[in-house]
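Here the structure is laid out as structure tokens; the discussion comes afterwards.
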Amino acid sequence: MAEVAKPDADTVQALRDMANRLRVHSIRATCASSSGHPTSCCSVAEIVSVLFFHTMRYKPADPEHPDNDRFVLSKGHAAPVLYAAWAEVGGISESDLLRLRQVHCDLEGHPTPRLSFVDVATGSLGQGLGAACGMAYTGKYFDRASYRVFCLLGDGESSEGSVWEALAFASHYSLDNLVAVFDVNRSGVAPLEHCTDIYQNRCAAFGWNTHLVDGHDVEALCQAFCQAAHMKNKPMAIIAKTFKGWGIPNVEDADNWHGKPMPKERADAIIELIESQIQTHRSPVPKPPVEDSPQISIRDIKMTRLPDYKVGDKVTTRKACGLALAKLSHENKRVIVLDGDTKNSTFSEIFKKEHPERFIECFIAEQNMVSVALGCAARGRTIAFVSTFAAFLTRAFDQIRMGGISQANINLIGSHCGVSIGEDGPSQMALEDLAMFRSIPNCTVFYPSDAIATEHAVYLAANTKGMCFIRTSRPETAVIYTPQENFVIGQAKVIRHSVNDKATVIGAGVTLHEALAAADHLSQQGISVRVIDPFTIKPLDAATIISSAKATGGKVITVEDHYPEGGIGEAVCAAVSREPDIIVHQLAVSGVPRSGKPSEFLDMFGISATHIIEAVKYTLKN
């Protein structure tokens, strides 16, 4: 390896001084808010100084520029030092730093994309590196651009399995544009304390280049980051030995100071001491980026060809989803699909066969898969679809939750929902997924009931701001809509109706087809019922449901292949809660299922056509 040039003495001193200014800002801000993590900020001050004022290439006046280097603060509790860096480059005012954590200030306790220089929300530890992997993958394989990605992690969070999922992913895909910096400050509950060689050996075992460094030596840090820029085919892990509270007498490397601001009676003396060490007032100017990323558009994607299905065709919605993704990919080259080793079951393999260069195999690591998708979608660089069994997304719920806080534009497809998957048994049955995604702010929840609706759901999701979830089923179901049918988010379809309807039945997916079968049987007995397909569970078409309920004597039956908690029934109950004359009878799966035939399960758990007929008759009788 060629010898790395050392920075000159003036640069080294300017970076030391900048680090101390970052310390002062962090101490002042956390004192003003009477909360925060100044000692965590102090341990990384030199790292942040070197990154923001020597290594990274970016435009301070345009933090979201597509060619800027990316920075992810995985240890989000050190947010004040990030804010301090942006104050030093003029991105925010120093007076705003003193409003840290106040309700009307965007400088929150942990970073969120309310700030233009934050791409993904962090603070739930262990997730930043996965998002950084997504950004680096996008930069290397989709944008083919020069920008690099830097992720700063705490040593404590490296106990999270998601960190090691990300380390494996980055190595497998040779993300040599990615640098992870481990702030090994020992304090807190980091199990390895200052055993930096163990961190180094573990990262090396995962296929990373590694570099041990004194995290408070700016000259050594400059050389480490320079070396990282020259390494090819492997990502770089810089293991920085630091001390929590560095520079603060009686606090540095002391226990029981995590998450505590400096006492106000001591703060002025501490700041005076640190400022006395500042020798220059020179602020190094960040280098501009290399502007070589492609101009793209991910908006207003049209369905240029109608769905190719006929009424009565038998198609699983999971396969229709795979076909729709492949079709969508021809409309926009920035559509990508991520899967977790389920592509032959989710039918995302159809997309992969047509566009292998836009398919990301994330292996059986769902937490990292969601984080990678968040990174891929950051700054509007891709239209990302995540595809796996809906049940397996539950283990990534925290990543999904943080995606909601990030206001991310990602789309998640969960197949094999409910007991209708049959023989595979309860570990594979998603029965909680609607509740999970309904709880995410601004998440659109699609539950298409046939292939036509599924294709529209995919196109609508691609054009919808915020997170989207598409729930698909394993059994084949009949196509009930014509190719010309139009679908709108928040608008239900009233499939059966007449002036003589006695009750309203609401179902989705397989249970909509059970509802239609029940309606046919009841019709033969002289009982007419209205059948509604909600299409989206969130937002729910409350107006159509209420008007239909009122037209059918206030009698509503919901039927769903999901647990009652948080599903369609509860969504409908909430929608009609201010209507005193509407009664909702809920049919849903209860208890823990087992292996068996899908038809047996629909009957066993009370969501078959037979049980719908019984519920209608019971409702009319009572």
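Ligands are numbered from 1 in the order shown, residues from 1 within each chain, and chains are lettered A, B, ... in the order they appear in the structure tokens.
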Legend entry - 8 Å contact set for range 347-355 of chain A, only C-alpha atoms, chain neighbours under 5 positions out, as a VMD selection string: chain A and resid 318 to 319 321 to 323 325 to 326 329 337 339 387
Write the residues of the preceding selection, restricted to N, CA, C and O atoms, as an mmCIF file, in the first residue's frame.
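In the end it all went to out-v3.cif:
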```cif
data_model
loop_
_atom_site.group_PDB
_atom_site.id
_atom_site.type_symbol
_atom_site.label_atom_id
_atom_site.label_comp_id
_atom_site.auth_asym_id
_atom_site.auth_seq_id
_atom_site.Cartn_x
_atom_site.Cartn_y
_atom_site.Cartn_z
ATOM 1 N N ARG A 318 -49.945 -12.933 -4.587
ATOM 2 C CA ARG A 318 -48.484 -12.842 -4.454
ATOM 3 C C ARG A 318 -47.816 -12.928 -5.830
ATOM 4 O O ARG A 318 -46.850 -12.212 -6.109
ATOM 5 N N LYS A 319 -48.331 -13.800 -6.717
ATOM 6 C CA LYS A 319 -47.759 -13.886 -8.057
ATOM 7 C C LYS A 319 -48.101 -12.641 -8.870
ATOM 8 O O LYS A 319 -47.261 -12.118 -9.611
ATOM 9 N N CYS A 321 -48.393 -9.784 -7.747
ATOM 10 C CA CYS A 321 -47.503 -8.735 -7.257
ATOM 11 C C CYS A 321 -46.136 -8.843 -7.930
ATOM 12 O O CYS A 321 -45.562 -7.833 -8.366
ATOM 13 N N GLY A 322 -45.592 -10.052 -8.025
ATOM 14 C CA GLY A 322 -44.310 -10.240 -8.708
ATOM 15 C C GLY A 322 -44.370 -9.811 -10.160
ATOM 16 O O GLY A 322 -43.445 -9.157 -10.672
ATOM 17 N N LEU A 323 -45.454 -10.163 -10.831
ATOM 18 C CA LEU A 323 -45.634 -9.759 -12.227
ATOM 19 C C LEU A 323 -45.768 -8.243 -12.358
ATOM 20 O O LEU A 323 -45.235 -7.635 -13.292
ATOM 21 N N LEU A 325 -44.487 -5.967 -10.346
ATOM 22 C CA LEU A 325 -43.179 -5.345 -10.135
ATOM 23 C C LEU A 325 -42.343 -5.398 -11.408
ATOM 24 O O LEU A 325 -41.669 -4.425 -11.768
ATOM 25 N N ALA A 326 -42.371 -6.542 -12.084
ATOM 26 C CA ALA A 326 -41.629 -6.671 -13.338
ATOM 27 C C ALA A 326 -42.164 -5.701 -14.387
ATOM 28 O O ALA A 326 -41.393 -5.077 -15.141
ATOM 29 N N SER A 329 -41.141 -2.138 -13.579
ATOM 30 C CA SER A 329 -39.717 -1.877 -13.807
ATOM 31 C C SER A 329 -39.449 -1.319 -15.189
ATOM 32 O O SER A 329 -38.441 -0.640 -15.408
ATOM 33 N N VAL A 337 -35.923 -3.881 -6.258
ATOM 34 C CA VAL A 337 -36.587 -4.838 -5.370
ATOM 35 C C VAL A 337 -35.540 -5.479 -4.467
ATOM 36 O O VAL A 337 -34.472 -5.892 -4.937
ATOM 37 N N ASP A 339 -35.154 -8.566 -1.528
ATOM 38 C CA ASP A 339 -35.823 -9.759 -1.011
ATOM 39 C C ASP A 339 -34.905 -10.460 -0.023
ATOM 40 O O ASP A 339 -33.683 -10.328 -0.088
ATOM 41 N N SER A 387 -39.598 -7.201 -0.352
ATOM 42 C CA SER A 387 -40.505 -8.332 -0.546
ATOM 43 C C SER A 387 -40.079 -9.508 0.305
ATOM 44 O O SER A 387 -38.940 -9.974 0.230
#
```
Inset, instruction - Skip range 95-107 of chain A itself and residues of its chain fewer than 4 positions away, then list as a ChimeraX atom specification all residues within 12 Å of it, counting only C-alpha atoms. - result: /A:22,24-37,76-88,90-91,111-118
Taking only residues of range 299-403 of chain A that have an atom at most 10 Å from an atom of range 138-158 of chain A, what is each one's shortest atom pair and its distance in Å to one decimal, using only C-alpha atoms, in chain and number order, as a Markdown table?
```
| residue | atom | partner | partner_atom | distance |
| --- | --- | --- | --- | --- |
| A:Lys333 | CA | A:Phe142 | CA | 9.6 |
| A:Arg334 | CA | A:Phe142 | CA | 8.0 |
| A:Ile336 | CA | A:Phe142 | CA | 9.5 |
| A:Glu357 | CA | A:Tyr141 | CA | 8.0 |
| A:Arg358 | CA | A:Phe142 | CA | 7.8 |
| A:Val372 | CA | A:Thr138 | CA | 9.6 |
| A:Ala373 | CA | A:Thr138 | CA | 9.8 |
| A:Gly375 | CA | A:Thr138 | CA | 8.1 |
| A:Cys376 | CA | A:Thr138 | CA | 5.7 |
| A:Ala377 | CA | A:Thr138 | CA | 8.7 |
| A:Ala378 | CA | A:Thr138 | CA | 9.5 |
| A:Arg381 | CA | A:Thr138 | CA | 7.6 |
| A:Thr382 | CA | A:Thr138 | CA | 8.1 |
```
Okay, now the selection with N, CA and C atoms, as an mmCIF file, in the first residue's frame?
```cif
data_model
loop_
_atom_site.group_PDB
_atom_site.id
_atom_site.type_symbol
_atom_site.label_atom_id
_atom_site.label_comp_id
_atom_site.auth_asym_id
_atom_site.auth_seq_id
_atom_site.Cartn_x
_atom_site.Cartn_y
_atom_site.Cartn_z
ATOM 1 N N LYS A 333 -36.586 3.190 -14.557
ATOM 2 C CA LYS A 333 -35.359 2.428 -14.321
ATOM 3 C C LYS A 333 -34.855 2.515 -12.898
ATOM 4 N N ARG A 334 -35.511 3.309 -12.068
ATOM 5 C CA ARG A 334 -35.061 3.429 -10.681
ATOM 6 C C ARG A 334 -35.870 2.540 -9.738
ATOM 7 N N ILE A 336 -36.407 -0.657 -7.794
ATOM 8 C CA ILE A 336 -35.555 -1.748 -7.331
ATOM 9 C C ILE A 336 -36.366 -2.650 -6.406
ATOM 10 N N GLU A 357 -29.779 -6.594 -12.327
ATOM 11 C CA GLU A 357 -28.946 -5.498 -11.827
ATOM 12 C C GLU A 357 -29.703 -4.578 -10.868
ATOM 13 N N ARG A 358 -31.023 -4.724 -10.810
ATOM 14 C CA ARG A 358 -31.821 -3.890 -9.903
ATOM 15 C C ARG A 358 -32.452 -4.710 -8.781
ATOM 16 N N VAL A 372 -31.494 -1.297 4.693
ATOM 17 C CA VAL A 372 -30.872 -1.078 3.370
ATOM 18 C C VAL A 372 -31.859 -0.366 2.442
ATOM 19 N N ALA A 373 -33.116 -0.786 2.489
ATOM 20 C CA ALA A 373 -34.129 -0.130 1.654
ATOM 21 C C ALA A 373 -34.269 1.346 2.012
ATOM 22 N N GLY A 375 -31.955 3.243 3.178
ATOM 23 C CA GLY A 375 -30.793 3.921 2.613
ATOM 24 C C GLY A 375 -30.878 4.071 1.108
ATOM 25 N N CYS A 376 -31.368 3.041 0.428
ATOM 26 C CA CYS A 376 -31.513 3.114 -1.031
ATOM 27 C C CYS A 376 -32.482 4.219 -1.446
ATOM 28 N N ALA A 377 -33.524 4.400 -0.642
ATOM 29 C CA ALA A 377 -34.557 5.385 -0.988
ATOM 30 C C ALA A 377 -34.213 6.802 -0.556
ATOM 31 N N ALA A 378 -33.168 6.955 0.269
ATOM 32 C CA ALA A 378 -32.802 8.284 0.765
ATOM 33 C C ALA A 378 -32.474 9.218 -0.393
ATOM 34 N N ARG A 381 -33.379 8.572 -4.459
ATOM 35 C CA ARG A 381 -32.542 7.974 -5.500
ATOM 36 C C ARG A 381 -33.150 6.730 -6.125
ATOM 37 N N THR A 382 -34.065 6.051 -5.419
ATOM 38 C CA THR A 382 -34.695 4.853 -5.976
ATOM 39 C C THR A 382 -36.146 4.769 -5.530
#
```
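Here the question is which of A:Thr316, A:Val592, A:Asp300, A:Ala492 gets nearest to Lys465 in chain A using only C-alpha atoms, and that residue is A:Asp300.
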Inset, instruction - Pick out the residues sitting within 10 Å of range 272-276 of chain A, and hand them over as number ranges by chain; count only C-alpha atoms, and ignore anything fewer than 2 positions along from it in its own chain. - result: A: 17, 20-21, 23-24, 247-249, 267-270, 278-279
Could you please take those selected residues and save C-alpha atoms as a short mmCIF file (atom, residue, chain, number, x, y, z; two decimals), in the first residue's frame?
```
data_model
loop_
_atom_site.label_atom_id
_atom_site.label_comp_id
_atom_site.auth_asym_id
_atom_site.auth_seq_id
_atom_site.Cartn_x
_atom_site.Cartn_y
_atom_site.Cartn_z
CA ASP A 17 -9.46 23.56 17.46
CA ASN A 20 -12.88 21.70 20.80
CA ARG A 21 -15.40 24.15 19.37
CA ARG A 23 -17.24 20.18 22.36
CA VAL A 24 -18.14 23.65 23.56
CA GLY A 247 -11.44 17.09 27.76
CA ILE A 248 -13.67 17.49 30.82
CA PRO A 249 -11.86 17.19 34.17
CA ALA A 267 -20.31 24.47 32.80
CA ASP A 268 -18.71 27.91 32.48
CA ALA A 269 -15.41 26.73 33.97
CA ILE A 270 -15.38 23.64 31.73
CA ILE A 278 -8.10 26.72 21.01
CA GLN A 279 -5.15 28.34 19.23
#
```
Inset, instruction - Considering only C-alpha atoms, return as number ranges by chain whatever protein or nucleic-acid residues lie within 9 Å of range 560-570 of chain A, sequence-local ones (same chain, fewer than 4 positions apart) excluded. - result: A: 417-420, 430-436, 438-439, 506-512, 537, 574-575, 584-591, 602, 605, 607
Inset, instruction - Determine the nearest neighbour of Gln399 in chain A from the options A:Glu64, A:Glu366, A:Asp520, A:Asp313, counting only C-alpha atoms. - result: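 Checking each candidate against Gln399 in chain A, we get A:Glu366 as the closest.
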Legend entry - Among listed residues A:Ile612, A:Cys362, A:Val218, A:Cys573, nearest Leu51 in chain A (using only C-alpha atoms):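 Selected residue with least distance to Leu51 in chain A: A:Val218.
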Legend entry - Point-to-point distance in Å for CA of Ile546 in chain A and CA of Ala571 in chain A: 12.5 Å
